[in-house]
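Trainee: Below: one structure in structure tokens.
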Amino acid sequence: MASSSASSSKLPQSVYNPRRHVGVHAERVTDVSSTEYPGHYPDEDHSWDLAKFKQNLKVEVKRLSQRSVEFDLVGVDASIANAFRRIMIAEIPTIAIEHVYVWNNTSVIQDEVLSHRIGLVPLNVPPALFKYRNPNGVPTDQDTIVFKLNVTCEVEKNAPKEKGAPRKLIHEEVLSGDLLWVPQGEQQSVFPAGSPFPAPTNKNIVLAKLRPGQEIDMDLHAIKGVGKEHAKWSPVATASYRLHPLILLNPSKPVPTHLAPKFARCFSPGVVQVDKDGQISIDERNMRKESMSREVLRHKEFEGCVDLRRIRDWFIFTVESEGPYEPQDLFPQSIRVMREKIALIRREAEALMADSDAAPGSVGPDGDIEMGGV
Amino acid sequence: MGEPTPKIKILQGALASDLSAATYQIHDESHTLGNALRWMLMKNPKVEFCGYSVPHPSENHIHMRIQMYDNLSSLDALLKALSDLDDLCVTIDEAYQKNLQEARYERWNEES
């Protein structure tokens, strides 16, 4: 279980500040929301301070594979972390098949069911290369990618005949790898020969099954979209966070030595260590692995021995990419989308400000309502 | 179709004449931005009250209520919060990119 991550072996001392703690009890959680707002604590200034924020912020990528990433975001409020999580799921654009033109389908799976399945297939196309389709416009090579699916099931005639052996069939299964890209307009120059061309990220998804003589012939149009319209445009399989667990032993009520192994079993493997004298210690490095099952709180003999907490501003993100983005690129993309939203509202709010300055006594685009009236 | 919905407008029914208290209707936004912006507005000591709501799930907008101390303009506070929120995004992005480049993470192979 030797973890090769180069994380520091100890947690920073500041995690023991009770103001950062969320209490985890047998049947409830306490102190869920932050109280660090101006005016909450006398003689403390909690107004927004970028320099202070920079100092307290810690972002650390912990684990990375071809498909997923785990990183820590420490020192932000839940509203910020949640905004990025929601954007990763619902507002980072991808490209998915939206329009299906069925020329022939003699398989047992109905047109609309098959079309729905095909829509859900993740494609490898970088969304930045394409525009959103104008809802009333004509498809162009800048907003539409065309695939063809033309598969007929046949008996393999050249297969060696063995008595009693089942017939060998060609195209018994229609796979996502059977989707063939048909370049439109100037698309061939966007995806030059040799570079990865538009295709499903996974070539082995079974879309339908056929018997000899059955045929599927379809034209498929893929367009750009976001996950809030339909989950097929979501670039992630999951994007979630949990708060860093914290286990606090009560020094004035140590766990009885003969119960130490039972105590250790109440936690995830590796979290609680018992030495040969039955003394208990918590491995700070492994604390993040604790599942917070609250098993220890079910046993009377451990009452008051331990406090379960979570660190309110320590978010452990897990993001699984399922689409064109590298897993480590999804979080920066969510920041980009967030900044676009902010920039748009800022522009409009500035316009609103200019309006209200220009016409004192009336606000809003209508300009027909006198302010300060009844 | 009629006129396009404005991205942001002031609700006239709950408004102080000097804009020190106002409710803003922001179109095509949700909890994603609403809660983050509310938090940033509450970090402003000159804001007496700030809250947001999604009035109805089938209406694609949020309401942001801002009340100020000292008769200050809530629109100024909104603009300041937006710019601070942008700074926050830049800071997080820089910190993430820096850490990613240091490559101190565990690399592992995931079968798909």
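Chains: A, B, ... in order of the structure tokens. Residues: from 1 per chain. Ligands: from 1, in order shown.
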Give as a PyMOL selection string every residue of chain B that touches chain A within 9 Å, counting only C-alpha atoms.
Mentor: chain B and resi 6-12+15-18+26+29+31-40+42-46+75-76+78-79+82-93+95-100+103-112
Trainee: Go through range 108-263 of chain A and collect every residue that DSSP, computed from the backbone, puts in helix (DSSP H, G or I); the answer should be as a list in words.
Mentor: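 Taking range 108-263 of chain A and keeping helix (DSSP H, G or I) only, one gets Asp111, Glu112, Val113, Leu114, Ser115, His116, Arg117, Ile118, Gly119, Pro127, Ala128, Leu129, Ser176, Gly177, Asp178, Gln187, Gln188, Ser189, Val190, Ala231, Lys232, Trp233, Thr257, His258, Leu259, Ala260, Pro261, Lys262 and Phe263 of chain A.
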Trainee: If we count only C-alpha atoms and set the cut-off at 6 Å, which residues sit around range 185-192 of chain A, ignoring sequence neighbours fewer than 3 positions away in its own chain? Please answer as a ChimeraX atom specification.
Mentor: /A:141,195,197
Trainee: Using only C-alpha atoms, determine which residues lie at most 12 Å from Ile97 in chain A, disregarding the query and same-chain residues fewer than 4 positions distant; provide the list as a ChimeraX atom specification.
Mentor: /A:101,114-125,143-148,179,181,198-200,218-225,230,232-233
Trainee: Here is a test: counting only C-alpha atoms, which residue of B:Ser30, B:Ala21, B:Ala14, B:Tyr69 is nearest to His56 in chain B?
Mentor: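 Once distances to His56 in chain B are computed over only C-alpha atoms, the minimum belongs to B:Ser30.
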Trainee: Could you go through chain B and tell me which residues DSSP, when run on the backbone, assigns to strand (DSSP E), listing them as an MDAnalysis selection string?
Mentor: chainID B and resid 8:10 21:27 47:53 61:68 106:107
Trainee: What is the distance between CA of Arg19 in chain A and CA of Asp31 in chain A, in Å to one decimal?
Mentor: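 So the two atoms, CA of Arg19 in chain A and CA of Asp31 in chain A, lie 8.9 Å apart.
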Trainee: Can you pull out every residue within 8 Å of Gly51 in chain B, counting only C-alpha atoms, but drop anything in the same chain fewer than 6 positions away, and send it as a ChimeraX atom specification?
Mentor: /B:38,64-66
Trainee: Pick from A:Ile109, A:Leu149, A:Val15, A:Leu246: nearest to Val182 in chain A, with only C-alpha atoms counted?
Mentor: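 For Val182 in chain A, the nearest of the given residues is A:Leu149.
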Trainee: What is the distance, in Å and to one decimal place, between CA of Arg211 in chain A and CA of Val174 in chain A?
Mentor: 10.9 Å
